[in-house]
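Working notes for the structure below.
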Amino acid sequence: MRSKDAVGGVVMLLFGVLTGALSLQLPLGTFRAPGSGLFPFALGALLALLAVLYLNSLRRRGSEAAQPAPAHWLPPLGRMPAFLAAIVAATALFVPLGFPVTAFVLMAALLRILGMKRWGAVLAISLGTALASYVLFDRWLQIPLPKGWIGL
Amino acid sequence: MLESLQYLLTGFGVATTPENLFYCLMGAIVGTLVGILPGLGPIAGIALLIPATFNLNATSAIIMLAGIYYGAMYGGSTTSILINVPGETASVMTCIDGYQMARKGRAGPALAICAIGSFVAGTIAIFGLVFLAPPLADAALAFGPPEFFSLMVFGFVVLSNVTGGSLLKALMMAIVGLIIGTIGIDPVSGDPRFTFASTALLGGIEFVAVAIGLFGIAEVLKNVEQPIEQLEQAVLVPRLRELFPSLRDLKDSLWPILRGTGLGFGIGLVPGPAPVIATYASYMVEKRLAAHPEEFGQGAIQGVAGPESANNAACQSAFIPLFVLGIPFAPPTAILLGAFLIHGVTPGPGLIGEHPELFWGVIASMYVGNFILLLLNLPFVPLFANILRVPKKVLLPLVILFCFTGMYTVNNAVFDIWTMLAFGALGWLMRHWAYEAAPLLLALVLGPKLEVAFRQSLMISHGDFGIFLSRPVSLAFLLATLLFLAMPLARKLFGVGRARADGGAAA
């Protein structure tokens with residue numbers, strides 16, 4: 001059995017069971033007058049059933065022939081965690097910092113993470129992007145964006 | 001028939017006001033851009049531009065957003081030909097012969113044939129749309145909740161079956177989408193569901209966030225996980241005077257373009273990622289019919305002309321189920337359905353009667369849009385192609401910043417950005433586990449409609465499930481669904497197609 005397939009199947013099974021269990025706290029109603037819990041309960045049960053069928057098909061396929069080296073259940077990460085962490089931080093700081101500052105910091109961080117070495121280029125591109133997007137969104141399209149402590 | 005032409009003329013009156021011409025042009029430009037940029041497809045493109053339409057009337061908004069969809073079909077081929085990477089999924093087949101043509105110094109004719117084929121296909125397909133949509137809408141007026149329920153179930157199963165991977169996995173994704181769609185206020189009883197006492201979840205999960213997460217953020221993350229040196233690619237931008245195809249090129253392309261148009265139009269009417277399937281089908285047909293099939297893969301112009309026409313025709317005819325049934329059969333039209341609803345218009349059998357200026361205006365704008373796109377993609381293609389010279393380490397952060405800001409502007413809510421990021425990470429994992437994102441998104445958009453149809457049907461029949469079987473149209477859809485489900489099972493029983501199933505799961 002290939003491990004990434006199995007992990008995916010188990011996640012589906014758990015999600016189905018969880019949905020079914022949470023739906024039981026809602027009124028199920030009757031078929032004549034279905035309550036708000038009936039549809040999600042049916043979906044959760046169906047998902048769990050399909051996941052069991054899927055896991056079963058994996059087991060059969062696995063026992064039939066030797067499989068190639070199992071693929072790891074996580075993809076190779078590379079720069080992904082740092083990249084994602086920078087976006088998460090920007091989301092958390094969006095309102096307190098305001099749009100222009102967040103855009104500048106986020107761009108600079110992502111450029112560095114992706115391997116842009118010269119600080120001059122990083123700062124120039126980030127500053128240019130932050131200014132251009134500020135003019136575009138705030139001044140031209142007049143979309144209300146968080147102003148933050150610098151009040152722009 | 002004559003009546004349709006008359007309405008179409010009024011539609012041109014709507015489409016050619018300076019305001020709507022401007023939005024049509026904007027849609028075409030943005031569509032070409034998202035088509036050219038690998039990693040940003042029409043789905044994320046439409047979703048990101050929805051906030052920009054908030055101040056517009058519904059007609060202008062749909063004109064622009066629809067333009068992004070069919071515009072992306074034009075732009076995608078440019079990237080395929082010049083750097084052998086599909087600009088969006090419907091130009092995968094174009095890479096094969098398009099890039100070979102470019103390597104032999106024939107990038108110009110390849111790009112030109114794409115633009116010409118797309119224009120011919122788009123124009124013919126809109127003609128089909130004009131004549132097919134009104135009678136279909138009349139027929140669909142008789143549909144009640146049971147018919148819509150069965151039709152949607154049919155759509156899900158067909159979509160899950162044709163996306164290429166494992167049917168079970170695709171069905172699971174559709175159900176996950178339906179479950180996510182139940183979060184928020186129950187549309188029938190008004191009870192909150194799965195909100196965990198959070199007011200942000202009361203309104204449900206924002207589908208724009210899911211779309212941008214699964215189709216924008218996830219794609220960027222996928223790129224970031226690769227070593228950075230592999231990201232950059234050499235681009236050969238052709239000059240304007242190299243663009244003209246020879247007479248022989250045109251002659252060789254004529255029939256592939258027409259066949260691709262026919263194939264694409266038909267496939268667009270069926271549930272599934274129509275443009276993608278249409279390009280594949282067209283490529284196979286052209287290869288089989290070719291006088292020199294051995295030239296395919298070595299730079300045969302037929303292998304570019306056919307698929308590129310097919311994806312445009314499919315993209316235009318995919319508007320038919322959206323307009324007349326109110327049921328999108330693939331993610332880009334699902335996003336458009338969301339845009340319709342945001343602007344207070346419900347597409348469906350009644351659309352043509354209730355909003356004639358919108359329906360005919362949008363269709364007429366497609367003619368205008370195709371013409372604009374022909375101009376953008378012939379003389380201006382060298383200009384657009386320069387975008388591919390922007391290094392990815394600059395492009396990816398720009399895409400992220402655009403998604404980030406665009407997402408916030410939908411509801412002015414930071415919560416939506418969190419949702420987008422969560423679905424971005426989920427989409428990235430799903431790719432690795434070989435799960436399709438399309439069924440999830442479609443199910444999320446259609447879920448509430450499906451549930452309402454299901455519960456209304458049961459209320460009509462006083463709890464009798466027989467209602468889905470006793471109405472002939474509903475029964476027909478359910479039988480067709482059963483047939484689609486039985487096909488892979490039958491294949492397995494008779495021992496054929498095992499290799500295909502395994503290959504699909506690994507892909």
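Labeling convention for the structure tokens: chains A, B, ... as they appear, residues from 1 per chain, ligands from 1 in order of appearance.
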**Request:** Select residues of chain B: the criterion is any atom within 7 Å of an atom of chain A, counting only C-alpha atoms; output as an MDAnalysis selection string.
**Result:** chainID B and resid 168 172 175 179 182 186 189 191 221 224:228 393:394 397 401 409 417 432:433 451 455 458:459 462:463
Save out the residues we just selected, N, CA and C atoms, as a compact mmCIF listing (two decimals), in the first residue's frame.
```txt
# COMPACT_ATOMS: atom_id res chain seq x y z
N LEU B 168 -13.23 7.23 -7.56
CA LEU B 168 -13.56 7.28 -6.13
C LEU B 168 -13.03 8.55 -5.50
N MET B 172 -15.13 11.57 -3.82
CA MET B 172 -14.89 12.02 -2.44
C MET B 172 -14.69 13.53 -2.40
N ILE B 175 -17.94 15.29 -2.58
CA ILE B 175 -18.69 15.25 -1.32
C ILE B 175 -18.06 16.20 -0.30
N ILE B 179 -20.00 19.12 1.63
CA ILE B 179 -20.00 19.29 3.08
C ILE B 179 -19.57 20.71 3.45
N THR B 182 -22.24 23.19 3.23
CA THR B 182 -23.33 23.24 4.22
C THR B 182 -22.98 24.15 5.40
N ASP B 186 -28.50 27.38 7.32
CA ASP B 186 -29.24 26.42 6.50
C ASP B 186 -30.26 27.18 5.62
N SER B 189 -34.19 25.98 6.74
CA SER B 189 -34.75 26.21 8.08
C SER B 189 -34.18 27.45 8.75
N ASP B 191 -31.37 27.48 10.44
CA ASP B 191 -30.47 27.09 11.54
C ASP B 191 -29.02 27.29 11.13
N LEU B 221 2.47 27.68 -4.48
CA LEU B 221 3.19 26.85 -3.50
C LEU B 221 3.87 25.68 -4.19
N VAL B 224 6.99 26.88 -5.59
CA VAL B 224 7.99 27.25 -4.59
C VAL B 224 8.72 26.02 -4.07
N GLU B 225 8.02 24.88 -4.04
CA GLU B 225 8.63 23.68 -3.48
C GLU B 225 9.76 23.17 -4.36
N GLN B 226 9.79 23.57 -5.63
CA GLN B 226 10.87 23.13 -6.51
C GLN B 226 12.13 23.96 -6.30
N PRO B 227 13.30 23.38 -6.57
CA PRO B 227 14.53 24.17 -6.48
C PRO B 227 14.44 25.36 -7.42
N ILE B 228 14.87 26.51 -6.96
CA ILE B 228 14.62 27.76 -7.66
C ILE B 228 15.28 27.78 -9.04
N LYS B 393 10.94 34.27 -9.73
CA LYS B 393 11.12 34.69 -8.33
C LYS B 393 10.54 36.07 -8.10
N VAL B 394 10.26 36.81 -9.15
CA VAL B 394 9.56 38.08 -9.00
C VAL B 394 8.06 37.88 -9.24
N PRO B 397 5.91 36.15 -6.07
CA PRO B 397 5.49 37.08 -5.01
C PRO B 397 4.41 38.06 -5.49
N LEU B 401 0.83 38.65 -3.78
CA LEU B 401 0.35 39.95 -3.32
C LEU B 401 -1.00 40.28 -3.94
N THR B 409 -10.42 42.46 -0.63
CA THR B 409 -11.40 43.43 -1.14
C THR B 409 -12.77 42.81 -1.39
N ILE B 417 -8.92 35.98 3.95
CA ILE B 417 -7.52 35.68 3.59
C ILE B 417 -7.09 34.40 4.28
N HIS B 432 -0.39 16.77 -4.35
CA HIS B 432 0.59 15.72 -4.07
C HIS B 432 -0.10 14.36 -3.92
N TRP B 433 -1.29 14.36 -3.31
CA TRP B 433 -2.01 13.11 -3.12
C TRP B 433 -2.83 12.73 -4.36
N GLU B 451 -28.97 20.85 -2.24
CA GLU B 451 -29.68 20.50 -1.02
C GLU B 451 -31.11 21.02 -1.05
N ARG B 455 -34.39 18.69 -0.69
CA ARG B 455 -35.37 18.79 0.39
C ARG B 455 -36.74 19.21 -0.13
N LEU B 458 -38.46 16.17 -1.55
CA LEU B 458 -39.01 15.30 -0.51
C LEU B 458 -40.27 15.91 0.11
N MET B 459 -40.27 17.24 0.22
CA MET B 459 -41.47 17.87 0.78
C MET B 459 -42.63 17.72 -0.18
N HIS B 462 -43.93 14.20 0.08
CA HIS B 462 -44.19 13.76 1.46
C HIS B 462 -43.24 12.65 1.86
N GLY B 463 -41.98 12.84 1.58
CA GLY B 463 -40.97 11.91 2.06
C GLY B 463 -40.78 10.67 1.21
```
Helix (DSSP H, G or I) positions in range 254-393 of chain B, given as a compact mmCIF listing (two decimals) with C-alpha atoms, in the first residue's frame:
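Output contents, as saved in out-v3.txt:
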```txt
# COMPACT_ATOMS: atom_id res chain seq x y z
CA LEU B 254 -8.57 24.69 -42.21
CA TRP B 255 -10.11 21.29 -41.51
CA PRO B 256 -8.50 20.79 -38.10
CA ILE B 257 -9.94 24.16 -37.07
CA LEU B 258 -13.43 23.26 -38.26
CA ARG B 259 -13.34 19.75 -36.78
CA GLY B 260 -11.97 21.15 -33.51
CA THR B 261 -14.82 23.65 -33.43
CA GLY B 262 -17.44 20.93 -33.85
CA LEU B 263 -15.86 18.64 -31.27
CA GLY B 264 -15.32 21.43 -28.79
CA PHE B 265 -18.85 22.73 -29.11
CA GLY B 266 -20.35 19.30 -28.42
CA ILE B 267 -18.05 18.59 -25.48
CA GLY B 268 -18.75 22.00 -23.95
CA ALA B 274 -14.77 20.82 -21.29
CA PRO B 275 -11.89 22.82 -22.81
CA VAL B 276 -9.32 20.36 -21.47
CA ILE B 277 -11.12 17.27 -22.74
CA ALA B 278 -11.91 18.94 -26.05
CA THR B 279 -8.23 19.66 -26.77
CA TYR B 280 -7.29 16.08 -26.01
CA ALA B 281 -10.09 14.68 -28.20
CA SER B 282 -9.22 17.03 -31.06
CA TYR B 283 -5.52 16.12 -30.95
CA MET B 284 -6.33 12.42 -31.11
CA VAL B 285 -8.76 12.91 -34.00
CA GLU B 286 -6.29 15.00 -36.00
CA LYS B 287 -3.52 12.49 -35.44
CA ARG B 288 -5.73 9.66 -36.65
CA LEU B 289 -6.94 11.54 -39.72
CA PRO B 293 0.71 11.01 -38.44
CA GLU B 294 4.43 10.58 -37.81
CA GLU B 295 4.77 14.39 -38.00
CA GLN B 302 -2.60 20.45 -37.34
CA GLY B 303 -1.75 19.46 -33.77
CA VAL B 304 -1.87 23.12 -32.80
CA ALA B 305 -4.80 24.28 -34.92
CA GLY B 306 -7.25 21.55 -33.86
CA PRO B 307 -6.88 21.65 -30.06
CA GLU B 308 -6.68 25.43 -29.87
CA SER B 309 -9.93 25.74 -31.81
CA ALA B 310 -11.53 23.02 -29.74
CA ASN B 311 -10.83 24.71 -26.40
CA ASN B 312 -12.35 27.98 -27.56
CA ALA B 313 -15.47 26.35 -28.94
CA ALA B 314 -15.88 24.31 -25.75
CA CYS B 315 -15.43 27.38 -23.62
CA GLN B 316 -18.18 29.23 -25.51
CA SER B 317 -20.68 26.38 -25.51
CA PHE B 319 -21.98 29.01 -21.28
CA ILE B 320 -25.15 27.25 -22.45
CA PRO B 321 -25.72 25.07 -19.35
CA LEU B 322 -24.80 28.04 -17.16
CA PHE B 323 -27.23 30.41 -18.85
CA VAL B 324 -30.21 28.14 -19.47
CA LEU B 325 -30.02 25.68 -16.56
CA PRO B 331 -15.09 25.46 -12.26
CA PRO B 332 -14.75 28.59 -14.45
CA THR B 333 -18.48 28.72 -15.12
CA ALA B 334 -19.08 27.91 -11.45
CA ILE B 335 -17.18 31.08 -10.53
CA LEU B 336 -19.23 32.99 -13.09
CA LEU B 337 -22.40 31.65 -11.45
CA GLY B 338 -21.12 33.11 -8.19
CA ALA B 339 -20.56 36.44 -9.93
CA PHE B 340 -24.11 36.37 -11.30
CA LEU B 341 -25.51 35.78 -7.81
CA ILE B 342 -23.40 38.58 -6.31
CA LEU B 351 -32.84 34.27 -17.49
CA ILE B 352 -33.54 35.04 -21.16
CA GLY B 353 -37.07 36.21 -20.39
CA GLU B 354 -36.26 38.17 -17.24
CA PRO B 356 -32.96 39.86 -22.09
CA GLU B 357 -30.60 42.85 -22.22
CA LEU B 358 -28.09 40.97 -20.05
CA PHE B 359 -28.33 37.66 -21.91
CA TRP B 360 -28.17 39.09 -25.43
CA GLY B 361 -25.74 41.83 -24.42
CA VAL B 362 -23.28 39.31 -23.02
CA ILE B 363 -23.58 37.08 -26.09
CA ALA B 364 -23.07 39.99 -28.47
CA SER B 365 -20.09 41.07 -26.36
CA MET B 366 -18.55 37.66 -27.03
CA TYR B 367 -18.42 38.45 -30.75
CA VAL B 368 -16.83 41.80 -29.93
CA GLY B 369 -14.50 40.13 -27.43
CA ASN B 370 -13.34 37.52 -29.90
CA PHE B 371 -12.53 40.24 -32.38
CA ILE B 372 -10.58 42.21 -29.76
CA LEU B 373 -8.73 39.05 -28.78
CA LEU B 374 -7.78 38.36 -32.38
CA LEU B 375 -6.20 41.81 -32.49
CA LEU B 376 -4.51 41.39 -29.10
CA ASN B 377 -3.14 37.98 -29.98
CA VAL B 381 1.52 38.85 -29.14
CA PRO B 382 5.25 39.76 -29.03
CA LEU B 383 4.37 42.41 -26.46
CA PHE B 384 2.44 39.98 -24.24
CA ALA B 385 5.09 37.33 -24.64
CA ASN B 386 7.58 39.63 -22.93
CA ILE B 387 5.73 39.00 -19.67
CA LEU B 388 7.24 35.53 -19.78
CA ARG B 389 10.65 37.17 -19.42
CA LYS B 392 9.51 33.59 -11.59
CA LYS B 393 11.12 34.69 -8.33
```
